[in-house]
Amino acid sequence: MIQIENLVKKFGSIRAVDGISFSVQKGELFGLLGPNGAGKTTTINVLSTLLPPDGGTASIGGYDVAGDPSAVRRLIGIVPQEIALYQDLPARDNLNFWGRLYGMSGKALRMRVEELLEMADLRQQAGQKVETYSGGMKRRLNLVVGLIHAPEVLYLDEPTVGIDAQARGRILELIKELSGSGLTVIYTTHYLEEAEHLCDRIGVIDRGSMVALGDKEELIDQVGDQDHIRFHLPTARIDEFTRAFSGRQDCVVSGVVRGKMELLATDGARLLPDLQSWMTAQGEQLEQLEVERPNLETLYLNLTGRGLRE
Amino acid sequence: MRMLQVVRKDLLRFFRDRRALVVSLVLPLIITFIMGLSFGGGVFGKKGISAIRIVGVTDGIPQMLRDPLTEGLEETGFFSVTWADSNTADEMVRGGEAAAAIVLPDDLVERFFQFEPIRIRVWKDPGSPLKAGIVEQVIERSLSPIQAGEAVYAGLWPEDIQPQRNQEWTSTLESYFQGDVQSVWKQWKQADEDPFWDIFQREFTRIMDRQAALSDAMEGPGVALEVENKAMTDAEGPQDDVNLFNYFLPTFSVFFLMFGVAAAARDFHREREMGTLNRQLLSPLNDRDFVLGKWMAAAIQGSIQLLVLFLAGAVLFRVNLGSDPWSLPLAVILTCTSAAGFFLLITLVCRTEKVADTLSTITVLAAAMLGGNMMPVDQLPDWVRSVGQYFFNYWANVSFSRVMVSDENLLATPQPLLMLGGSTVLFLVASLVAYRIRRAKGGVL
Ligand SMILES: Nc1ncnc2c1ncn2[C@@H]1O[C@H](COP(=O)(O)OP(=O)(O)O)[C@@H](O)[C@H]1O
Ligand SMILES: [Mg+2]
């Protein structure tokens, strides 16, 4: 359904999207995961024909975004990162306006609007100005506006930013339902757990490049099967420790990470007794011990060197 | 038409936006009324307005008195004075050549020396009631120090207030003031042998010295004046009932209209920032429909604003809306389409709303100054008028003043309407081009 090859988008000297490639199957829920400024919104803007690409190709449903933008626009619906609504109008007037822009009218429009209000659980408040809504209500309305013309592909650009956990849960449920009904979705987020929970496949994007791509298991495989072991080690012991453990086959000393010494071990369970006895021999306690099994967050840290900032 | 959906949505928002309604309708109404009601302060009280032509009636006014009068009147900065006999003056006023005639009484000199109140009449040109109103105001205002002066004089030198009512005395006196300065001077020099001269000289010097001392103190001429208005024609309607709102309402309304329409046009930037513009770009709405929609919404908001202000003026202040049914509506619509086009263009060439806000405010003030919203169009100095012609509001002001003040039919002399219509087309084409350029550069995101 969506084919993207070596897509490039520059803003002056900034390469906001720097040669990314991926494809999304029909009905698939594809996650584009990356920190702020990674290039997610820029990618969405190119895929929705708002920005012309500077290199590479992208096609939606067989139509090229640069060559046949109006055909692409007919296929897609977009839920932008910001609340792109008329806050001084009620939900119903907002939906009516967008529906009429797509040429809907009369009974068909009325029915579609009611359907979407129902979907967003806003029927009760449909006559109140949007500015009086809670963050979650605005986000839900923002979402269903993107569906007004029943698109085949939906782009969701960080649709849960700035709302509480409960409101977020409702939106994720809604997206799951939509995806289950056959809609093709590209979902961008900087929340790892959302991507993990929601998406069939995930592309991790950083500084405009796709740094990892695949389903959850494939991504975790990319991390390798190493366990991360972290513990408190007095600074005076660092050199000694490094000398003692760097010669071993079953682990790598990766150095001080977030104030703790970190080891990557092929099998943490086997390494721990050795570590314990070495520390005891030095007259130290093994304190603040953490053992982390491979997961997406470790992958993400490894790939981008950055945490997933809120 | 998709464009109409944009218009409909924007108008819905306008009517739901209480602040916009207050700013564009309620506030202008209040301010216009306050300004109008307090006429006489500020607006016309500035120098530098092109001089209002008035004519002084010469009958019985010796040349010697004319010169200081002319000087005094012209010094106010309001008037340019010519002199004519009463018949010519009458014709000039009726023909609109002069805004007003100031008629000094024939027996001015006699009365002056006998300290009787001098009555000055003002003949108004019914065609320019405002100017005549200014003449009246200025004379009235210069009265109070004069009247105060008279009271002081009477207190200081009561003997002067009971002068000898000697017919011979005054008629002889008058003969000394005939002709121009030179001939008067000559007469005065030859008067040595005249037995009357002695008394006259003594009396005259005494009175003049005191008058001079007094007027130094009062900084005003030592003459008592009394104003009497006299409407000139027998034309229909009460001529004295000059409705200043006929002038004020349209000029102030257009002034506020510019702010209102500029704010409406800036909605482009608000939509851009809200992200609703992007959504529209992704819908089947094309560039032309979007730009035209925004333009039309702003023009309709402006028309509503003007109509409300004018109707309120008509109901509350009996403002004249003209007798031709087409002139005023056409002027309103074309003014608003031109204003909307102009401010949309400004909005589109500015990068952000803030820049657009600043630029449109500066433009509104400059246009108001040059185009005749700070003072009536026909009061503008020539150079301002020639610059002002390049602003749409100049033509709006001309249109409204023709309809509401002179009650003309604009279709008979359609130049102002054609200018407004032509500028609308020009602004719209330029706006479309500006929008396309902006979009191509990615400047709508
Ligand atoms: N219109 C623009 N002009 C210049 N730089 C931009 C523009 N839009 C985005 N960028 C830059 O491109 C990069 C990617 O931004 P964006 O796609 O918004 O990231 P994300 O959505 O992942 O947070 C950032 O460095 C951002 O500063
Ligand atoms: Mg973004």
# chains A, B, ... in the order shown; residues from 1 in each chain; ligands from 1
call {"tool": "closest_atom_pairs", "arguments": {"of": "chain A", "to": "ligand 1", "cutoff": "9 Å", "atoms": "only C-alpha atoms and all ligand atoms", "output": "Markdown table"}}
result
| residue | atom | partner | partner_atom_place_in_ligand_line | distance |
| --- | --- | --- | --- | --- |
| A:Lys9 | CA | ligand 1 | 12 (O) | 8.7 |
| A:Lys10 | CA | ligand 1 | 12 (O) | 7.8 |
| A:Phe11 | CA | ligand 1 | 4 (C) | 4.8 |
| A:Gly12 | CA | ligand 1 | 4 (C) | 7.1 |
| A:Ser13 | CA | ligand 1 | 5 (N) | 9.0 |
| A:Ile14 | CA | ligand 1 | 12 (O) | 6.6 |
| A:Arg15 | CA | ligand 1 | 12 (O) | 7.0 |
| A:Ala16 | CA | ligand 1 | 12 (O) | 4.1 |
| A:Val17 | CA | ligand 1 | 14 (C) | 7.1 |
| A:Leu33 | CA | ligand 1 | 22 (O) | 8.4 |
| A:Gly34 | CA | ligand 1 | 22 (O) | 6.2 |
| A:Pro35 | CA | ligand 1 | 22 (O) | 6.1 |
| A:Asn36 | CA | ligand 1 | 23 (O) | 3.6 |
| A:Gly37 | CA | ligand 1 | 19 (O) | 3.4 |
| A:Ala38 | CA | ligand 1 | 22 (O) | 3.8 |
| A:Gly39 | CA | ligand 1 | 17 (O) | 3.2 |
| A:Lys40 | CA | ligand 1 | 22 (O) | 3.6 |
| A:Thr41 | CA | ligand 1 | 21 (O) | 3.6 |
| A:Thr42 | CA | ligand 1 | 17 (O) | 3.6 |
| A:Thr43 | CA | ligand 1 | 17 (O) | 6.4 |
| A:Ile44 | CA | ligand 1 | 17 (O) | 8.0 |
| A:Asn45 | CA | ligand 1 | 17 (O) | 8.2 |
| A:Gln81 | CA | ligand 1 | 21 (O) | 8.2 |
| A:Asp157 | CA | ligand 1 | 21 (O) | 7.8 |
| A:Glu158 | CA | ligand 1 | 21 (O) | 8.3 |
| A:Thr188 | CA | ligand 1 | 22 (O) | 8.2 |
| A:Thr189 | CA | ligand 1 | 22 (O) | 8.2 |
| A:His190 | CA | ligand 1 | 22 (O) | 8.0 |
| A:Ile205 | CA | ligand 1 | 22 (O) | 8.1 |
| A:Asp206 | CA | ligand 1 | 22 (O) | 8.0 |
| A:Arg207 | CA | ligand 1 | 14 (C) | 7.3 |
| A:Gly208 | CA | ligand 1 | 14 (C) | 7.0 |
call {"tool": "interface_residues", "arguments": {"of": "chain A", "to": "chain B", "cutoff": "9 Å", "atoms": "only C-alpha atoms", "output": "PyMOL selection string"}}
result
chain A and resi 48-52+70+73-74+76-86+88-89+93-94+97-98+100-103+146
call {"tool": "select_by_dssp", "arguments": {"residues": "region 112-201 of chain A", "states": "helix (DSSP H, G or I)", "output": "count of residues only"}}
result
45
call {"tool": "residues_around", "arguments": {"residues": "Ile163 (chain A)", "least_positions_apart": "3", "cutoff": "12 Å", "atoms": "only C-alpha atoms", "output": "ChimeraX atom specification"}}
result
/A:134-140,158-160,166-171,310
call {"tool": "write_last_selection", "arguments": {"atoms": "N, CA, C and O atoms", "output": "PDB file, in the first residue's frame"}}
result
ATOM      1  N   SER A 134     -11.890  18.726  27.225  1.00  0.00           N
ATOM      2  CA  SER A 134     -10.648  18.280  27.857  1.00  0.00           C
ATOM      3  C   SER A 134      -9.661  17.882  26.766  1.00  0.00           C
ATOM      4  O   SER A 134     -10.024  17.725  25.601  1.00  0.00           O
ATOM      5  N   GLY A 135      -8.396  17.723  27.162  1.00  0.00           N
ATOM      6  CA  GLY A 135      -7.356  17.341  26.204  1.00  0.00           C
ATOM      7  C   GLY A 135      -7.708  16.067  25.455  1.00  0.00           C
ATOM      8  O   GLY A 135      -7.562  15.974  24.241  1.00  0.00           O
ATOM      9  N   GLY A 136      -8.219  15.079  26.188  1.00  0.00           N
ATOM     10  CA  GLY A 136      -8.550  13.801  25.570  1.00  0.00           C
ATOM     11  C   GLY A 136      -9.676  13.937  24.555  1.00  0.00           C
ATOM     12  O   GLY A 136      -9.639  13.345  23.471  1.00  0.00           O
ATOM     13  N   MET A 137     -10.694  14.739  24.898  1.00  0.00           N
ATOM     14  CA  MET A 137     -11.821  14.932  23.973  1.00  0.00           C
ATOM     15  C   MET A 137     -11.349  15.608  22.689  1.00  0.00           C
ATOM     16  O   MET A 137     -11.746  15.230  21.585  1.00  0.00           O
ATOM     17  N   LYS A 138     -10.493  16.625  22.845  1.00  0.00           N
ATOM     18  CA  LYS A 138      -9.974  17.307  21.653  1.00  0.00           C
ATOM     19  C   LYS A 138      -9.188  16.341  20.775  1.00  0.00           C
ATOM     20  O   LYS A 138      -9.341  16.331  19.550  1.00  0.00           O
ATOM     21  N   ARG A 139      -8.360  15.516  21.429  1.00  0.00           N
ATOM     22  CA  ARG A 139      -7.566  14.543  20.669  1.00  0.00           C
ATOM     23  C   ARG A 139      -8.460  13.561  19.921  1.00  0.00           C
ATOM     24  O   ARG A 139      -8.176  13.196  18.785  1.00  0.00           O
ATOM     25  N   ARG A 140      -9.544  13.139  20.562  1.00  0.00           N
ATOM     26  CA  ARG A 140     -10.442  12.175  19.896  1.00  0.00           C
ATOM     27  C   ARG A 140     -11.140  12.820  18.702  1.00  0.00           C
ATOM     28  O   ARG A 140     -11.275  12.214  17.644  1.00  0.00           O
ATOM     29  N   GLU A 158       1.685  11.520  16.339  1.00  0.00           N
ATOM     30  CA  GLU A 158       1.689  11.685  17.804  1.00  0.00           C
ATOM     31  C   GLU A 158       0.319  12.088  18.340  1.00  0.00           C
ATOM     32  O   GLU A 158       0.153  13.147  18.928  1.00  0.00           O
ATOM     33  N   PRO A 159      -0.666  11.194  18.164  1.00  0.00           N
ATOM     34  CA  PRO A 159      -2.040  11.589  18.519  1.00  0.00           C
ATOM     35  C   PRO A 159      -2.319  11.574  20.010  1.00  0.00           C
ATOM     36  O   PRO A 159      -3.436  11.886  20.412  1.00  0.00           O
ATOM     37  N   THR A 160      -1.362  11.220  20.831  1.00  0.00           N
ATOM     38  CA  THR A 160      -1.647  11.134  22.270  1.00  0.00           C
ATOM     39  C   THR A 160      -0.788  12.087  23.084  1.00  0.00           C
ATOM     40  O   THR A 160      -0.722  11.978  24.301  1.00  0.00           O
ATOM     41  N   GLN A 166      -5.276   7.645  31.054  1.00  0.00           N
ATOM     42  CA  GLN A 166      -6.596   7.075  30.771  1.00  0.00           C
ATOM     43  C   GLN A 166      -7.097   7.509  29.392  1.00  0.00           C
ATOM     44  O   GLN A 166      -7.574   6.700  28.598  1.00  0.00           O
ATOM     45  N   ALA A 167      -6.945   8.812  29.117  1.00  0.00           N
ATOM     46  CA  ALA A 167      -7.381   9.338  27.826  1.00  0.00           C
ATOM     47  C   ALA A 167      -6.555   8.708  26.700  1.00  0.00           C
ATOM     48  O   ALA A 167      -7.075   8.422  25.611  1.00  0.00           O
ATOM     49  N   ARG A 168      -5.289   8.495  26.982  1.00  0.00           N
ATOM     50  CA  ARG A 168      -4.427   7.877  25.984  1.00  0.00           C
ATOM     51  C   ARG A 168      -4.904   6.459  25.673  1.00  0.00           C
ATOM     52  O   ARG A 168      -4.987   6.046  24.520  1.00  0.00           O
ATOM     53  N   GLY A 169      -5.262   5.726  26.745  1.00  0.00           N
ATOM     54  CA  GLY A 169      -5.747   4.366  26.571  1.00  0.00           C
ATOM     55  C   GLY A 169      -6.958   4.309  25.656  1.00  0.00           C
ATOM     56  O   GLY A 169      -7.037   3.439  24.773  1.00  0.00           O
ATOM     57  N   ARG A 170      -7.868   5.251  25.798  1.00  0.00           N
ATOM     58  CA  ARG A 170      -9.069   5.249  24.960  1.00  0.00           C
ATOM     59  C   ARG A 170      -8.707   5.477  23.499  1.00  0.00           C
ATOM     60  O   ARG A 170      -9.300   4.879  22.598  1.00  0.00           O
ATOM     61  N   ILE A 171      -7.742   6.352  23.283  1.00  0.00           N
ATOM     62  CA  ILE A 171      -7.356   6.627  21.900  1.00  0.00           C
ATOM     63  C   ILE A 171      -6.674   5.412  21.287  1.00  0.00           C
ATOM     64  O   ILE A 171      -6.943   5.040  20.136  1.00  0.00           O
ATOM     65  N   GLU A 310      10.017  12.579  27.244  1.00  0.00           N
ATOM     66  CA  GLU A 310       8.576  12.874  27.199  1.00  0.00           C
ATOM     67  C   GLU A 310       8.368  14.184  26.478  1.00  0.00           C
ATOM     68  O   GLU A 310       9.161  15.091  26.603  1.00  0.00           O
TER      69      GLU A 310
END
call {"tool": "residues_around", "arguments": {"residues": "Gly61 (chain A)", "least_positions_apart": "3", "cutoff": "8 Å", "atoms": "only C-alpha atoms", "output": "list of chain:residue names"}}
result
A:Met1, A:Ile2, A:Val72, A:Leu75
call {"tool": "write_last_selection", "arguments": {"atoms": "all heavy atoms", "output": "compact mmCIF listing (two decimals), in the first residue's frame"}}
result
# COMPACT_ATOMS: atom_id res chain seq x y z
N MET A 1 0.84 -1.22 0.00
CA MET A 1 0.00 0.00 0.00
C MET A 1 0.87 1.26 0.00
O MET A 1 0.61 2.21 -0.71
CB MET A 1 -0.87 -0.03 1.27
CG MET A 1 -1.95 1.02 1.24
SD MET A 1 -3.21 0.59 0.03
CE MET A 1 -4.30 1.97 0.14
N ILE A 2 1.92 1.22 0.83
CA ILE A 2 2.82 2.38 0.91
C ILE A 2 4.24 1.90 0.65
O ILE A 2 4.71 0.95 1.27
CB ILE A 2 2.73 3.03 2.32
CG1 ILE A 2 1.29 3.46 2.61
CG2 ILE A 2 3.67 4.23 2.42
CD1 ILE A 2 1.07 3.96 4.01
N VAL A 72 -3.26 10.87 -4.38
CA VAL A 72 -2.81 10.46 -3.05
C VAL A 72 -3.73 11.02 -1.99
O VAL A 72 -4.14 10.34 -1.05
CB VAL A 72 -1.35 10.91 -2.82
CG1 VAL A 72 -0.94 10.70 -1.37
CG2 VAL A 72 -0.41 10.17 -3.76
N LEU A 75 -6.81 9.23 -1.10
CA LEU A 75 -6.68 7.98 -0.35
C LEU A 75 -6.42 8.18 1.13
O LEU A 75 -6.72 7.31 1.94
CB LEU A 75 -5.51 7.16 -0.93
CG LEU A 75 -5.69 6.53 -2.29
CD1 LEU A 75 -4.41 5.81 -2.69
CD2 LEU A 75 -6.85 5.54 -2.25
call {"tool": "select_by_dssp", "arguments": {"residues": "region 127-286 of chain A", "states": "strand (DSSP E or B)", "output": "ChimeraX atom specification"}}
result
/A:129,153-157,184-189,201-206,209-214,227-232,251-257,260-265
call {"tool": "closest_residue", "arguments": {"among": "A:Ala71, A:Thr57, A:Tyr187, A:Ile202", "to": "ligand 2", "atoms": "only C-alpha atoms and all ligand atoms"}}
result
A:Tyr187
